[in-house]
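A.B. asks: Below are the structure tokens for one structure; questions will follow.
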Amino acid sequence: MISQYPHSIKAMILIMALLIIASLSRILLKIKKPSNDLTELKLRTQSWWWMIALIFASLYIGKTTTIYFFAFLSFLALKEFLSITPVRQADRRVIFWLYLAIPIQYYFISINWYDMAIIFIPVYIFLFIPIRMVLIGKTEGFIRSAGLMNFAVMLTVFCISHLAYFIVLEPKNTQAGPAGLVLFLLFMTQFNDVSQYIWGKSFGKNKIVPKVSPNKTWEGFLGGVSTIVLVGYFLAPYLTPLSSRQGLIAGLIISLSGFFGDLVVSSVKRDLHIKDTGNLIPGHGGILDRMDSLIYTAPLFFHFIYYLYY
Amino acid sequence: MNKYLKILFFALVVKPLTLIMLGLNIRNRHQLPKGGPAIIAANHNSHLDTIVLMSLYPLSQIHKVRPVAAADYFLKNKFLKWFSLNIMGIIPLERKARKSKDELFFDCKKALENEDILILYPEGSRGEPGQMAELKKGIYYVSTLVPKTIVTPVIMHGLDKSLPKGEALFVPFNCDVIIGRNIEVVDDAQTFIDNLKDEFEDLSKFCLTH
């Protein structure tokens, strides 16, 4: 299905080329100075290969596979979130239903029922959680648990499911197809993380939110934002229906929201006194560590596109 | 025949279950004993504990991993007895029998001599969800049965959320499996137990799950 969209194919090849460069530079670094301990870097790049392989394979196989893939990511993310946060024993039976919400949410997406996909979790699941809790009847810690479960299912199921919705949209950029939107968002989100990091490392001085993340600086943030806005200008018309000017705004949205997504997950971890949310992805941590920015960029970029073109 | 059933069960049921429905945060996997005679001393909160520990081993080695389990519970009916003995390969322990220590731990000794890896829960039973009970001294005795037996402490956390005692509904959660360094076998049972307890407390600090 994707083979009829040359822009998406080229984007995939380009991303793999970038990864090959990353892998080769690591090997070169090791040869130049064998005493360097690059195990962490090695694990990180290897994991990137795995993640890219899985995403590209699903996109390549087709729509249904991609929807299943993102649904599975939601499952892993929800499981991880509820595992690290303090839920009560009594909440187990509510959580069981939250898992069942995943196939339902992705089903609504797969049949392109926009209204239902948008209200199912924020309205129906939101109201259902306390109902199920009432029937169990444990009132001690009720408020906190209800809030926590809502937070969990919104972040990991509702927000992540927007990724799958891009695939269902009727393609408006005939050269890039539906996968173009996903590739654009994934690339921009991850590249935003990287460029904020690089700008911060090179010029970082003034801390921006020292209590949440001492490594984030104004220099890194502004450098990252301008880079991504610029990349958006050039990349958006190639992979999405957006014009270059709209690409600037898309870049701004992705860059700002990615920054906050990262900080939200960081705050969750700080609250729980843990460094990683899991160790599913070697060198990266858990699934939430990797998807932190994406949780914010996916719905915001989706609604930007949806408002303009659908 | 049973050996193949066992491998099938672990390949088709246990490994997918622990990888996908549970999800393990494993720390220090390389410290897991690779061969016997060895004892894995773990905390115990859920029936899943044994399954998770055994799933850490490759299929070719699973028959060497032997959980020591209560005879009064696991041999109580025909099916459970067949399953426990043939598929899980438990070493039944008669907790309530008035026997001498030698008789009680006879099968454990045989297994250790056979270079098996025993799974032992020094708390005795599953106890209250998420709480560590008093450690019993039986483990010290077992560790002295065969020379050169190594004792590796393992802390598991979060499994009581997936399947607590007395519940039948399984709910997916990640769990921590934190493997410690071997406990030195000392002359005194109390010191050994205290060391084990300290190690358990240290390992608990690495848990990610709540």
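Ordered as shown in the structure tokens, chains take letters A, B, and onward, while each chain numbers its residues from 1 and ligands are numbered from 1 in the order shown.
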Might you pull out every residue within 9 Å of Val151 in chain B, with only C-alpha atoms counted and same-chain residues fewer than 3 positions away left off, and present them as a PyMOL selection string?
C.D. replies: chain B and resi 33+38-41+143+181-185
A.B. asks: Write out as a PyMOL selection string every residue belonging to chain B that has an atom at most 8 Å from any atom of chain A, counting only C-alpha atoms.
C.D. replies: chain B and resi 23-26+158+161-162+171-175+208-210
A.B. asks: For Lys137 in chain B, work out the shell of residues within 9 Å, counting only C-alpha atoms and skipping chain neighbours fewer than 6 positions away, then give it as a PyMOL selection string.
C.D. replies: chain B and resi 122+189-190+192-193
A.B. asks: Which residues, written as a compact mmCIF listing (two decimals) with N, CA, C and O atoms, in the first residue's frame, have at least one atom at most 10 Å from Leu53 in chain B, with only C-alpha atoms counted and residues fewer than 4 positions away on the same chain left out?
C.D. replies:
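Okay, this is what ended up in around.txt:
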# COMPACT_ATOMS: atom_id res chain seq x y z
N THR B 18 4.71 -13.89 30.46
CA THR B 18 5.60 -13.02 31.24
C THR B 18 6.12 -11.85 30.40
O THR B 18 6.36 -10.78 30.93
N LEU B 32 22.15 -14.22 37.85
CA LEU B 32 21.34 -15.42 38.08
C LEU B 32 22.23 -16.66 37.97
O LEU B 32 23.04 -16.74 37.06
N ILE B 40 17.85 -20.26 44.51
CA ILE B 40 17.36 -18.90 44.32
C ILE B 40 16.44 -18.61 45.50
O ILE B 40 15.44 -19.29 45.69
N ALA B 42 13.92 -16.18 47.03
CA ALA B 42 13.11 -15.03 46.58
C ALA B 42 12.01 -14.72 47.57
O ALA B 42 11.62 -15.56 48.37
N LEU B 48 2.48 -16.20 40.67
CA LEU B 48 3.25 -15.86 39.49
C LEU B 48 4.75 -15.84 39.75
O LEU B 48 5.55 -15.92 38.83
N ASP B 49 5.15 -15.70 41.03
CA ASP B 49 6.57 -15.61 41.36
C ASP B 49 7.38 -16.74 40.73
O ASP B 49 8.41 -16.53 40.10
N TYR B 57 14.91 -18.53 32.58
CA TYR B 57 15.85 -19.53 32.07
C TYR B 57 15.49 -19.95 30.64
O TYR B 57 14.31 -19.96 30.28
N VAL B 65 15.45 -26.25 36.81
CA VAL B 65 15.00 -25.28 37.82
C VAL B 65 13.81 -25.89 38.58
O VAL B 65 12.78 -26.20 38.00
N PRO B 67 11.19 -25.58 41.71
CA PRO B 67 10.61 -24.85 42.84
C PRO B 67 10.30 -25.79 44.02
O PRO B 67 9.76 -26.87 43.82
N ILE B 119 14.30 -23.25 43.67
CA ILE B 119 13.68 -21.96 44.00
C ILE B 119 13.06 -22.12 45.38
O ILE B 119 12.25 -23.01 45.60
N VAL B 154 16.78 -12.95 45.24
CA VAL B 154 16.03 -12.25 44.18
C VAL B 154 14.82 -11.58 44.82
O VAL B 154 14.12 -12.20 45.62
N MET B 156 11.26 -9.75 43.93
CA MET B 156 10.26 -9.48 42.89
C MET B 156 9.24 -8.53 43.46
O MET B 156 8.87 -8.63 44.63
N VAL B 177 12.15 -7.60 38.69
CA VAL B 177 12.87 -8.80 39.12
C VAL B 177 14.31 -8.36 39.34
O VAL B 177 15.01 -8.04 38.38
A.B. asks: When you draw a straight line from CA of Asn206 in chain A to CA of Ser255 in chain A, how long is it in Å?
C.D. replies: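 A separation of 18.9 Å between them.
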A.B. asks: Just the helix (DSSP H, G or I) stuff from range 8-90 of chain B, please, per backbone DSSP, written as a count of residues only.
C.D. replies: 47
A.B. asks: Kindly give the distance, in Å, that separates CA of Ile125 in chain A and CA of Pro103 in chain A, rounded to a single decimal.
C.D. replies: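 CA of Ile125 in chain A sits 13.1 Å away from CA of Pro103 in chain A.
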A.B. asks: Name the residues in contact with Tyr114 in chain A at a cut-off of 10 Å, using only C-alpha atoms, excluding same-chain residues fewer than 5 positions from it; report them as a count of residues only.
C.D. replies: 5
A.B. asks: Rank nothing, just name the residue among A:Ala22, A:Ile253, A:Leu263, A:Ile167 nearest to Thr66 in chain A, using only C-alpha atoms.
C.D. replies: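 Checking each candidate against Thr66 in chain A, we get A:Ile167 as the closest.
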A.B. asks: Measure the distance from CA of Thr144 in chain B to CA of Ser125 in chain B in Å and round it to one decimal.
C.D. replies: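 It comes out at 21.7 Å.
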A.B. asks: Any idea what's packed within 8 Å of Lys3 in chain B, counting only C-alpha atoms, ignoring anything in its chain fewer than 3 positions away? Could you give it as a PyMOL selection string?
C.D. replies: chain B and resi 6-7+63+86-87
A.B. asks: Excluding Glu201 in chain B and its own-chain neighbours fewer than 5 positions away, which residues fall within 10 Å of it when counting only C-alpha atoms? Please give them as a list of chain:residue names.
C.D. replies: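 With the cut-off at 10 Å, the set is B:Met132, B:Ile155, B:Asn195, B:Leu196, B:Phe206.
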A.B. asks: May I have the selected residues written with N, CA, C and O atoms, as a compact mmCIF listing (two decimals), in the first residue's frame?
C.D. replies:
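Result saved to again-v8.txt:
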# COMPACT_ATOMS: atom_id res chain seq x y z
N MET B 132 6.71 -8.23 53.34
CA MET B 132 7.68 -9.29 53.57
C MET B 132 7.46 -9.88 54.96
O MET B 132 7.41 -9.17 55.94
N ILE B 155 14.63 -10.32 44.45
CA ILE B 155 13.44 -9.61 44.92
C ILE B 155 12.51 -9.39 43.73
O ILE B 155 12.94 -8.96 42.67
N ASN B 195 21.88 -11.59 56.92
CA ASN B 195 22.51 -11.13 55.67
C ASN B 195 21.53 -11.16 54.51
O ASN B 195 21.48 -10.24 53.70
N LEU B 196 20.76 -12.24 54.47
CA LEU B 196 19.78 -12.39 53.40
C LEU B 196 18.74 -11.27 53.47
O LEU B 196 18.37 -10.67 52.47
N PHE B 206 15.80 -0.89 44.28
CA PHE B 206 15.89 -0.74 42.82
C PHE B 206 14.55 -0.95 42.12
O PHE B 206 14.48 -0.95 40.90
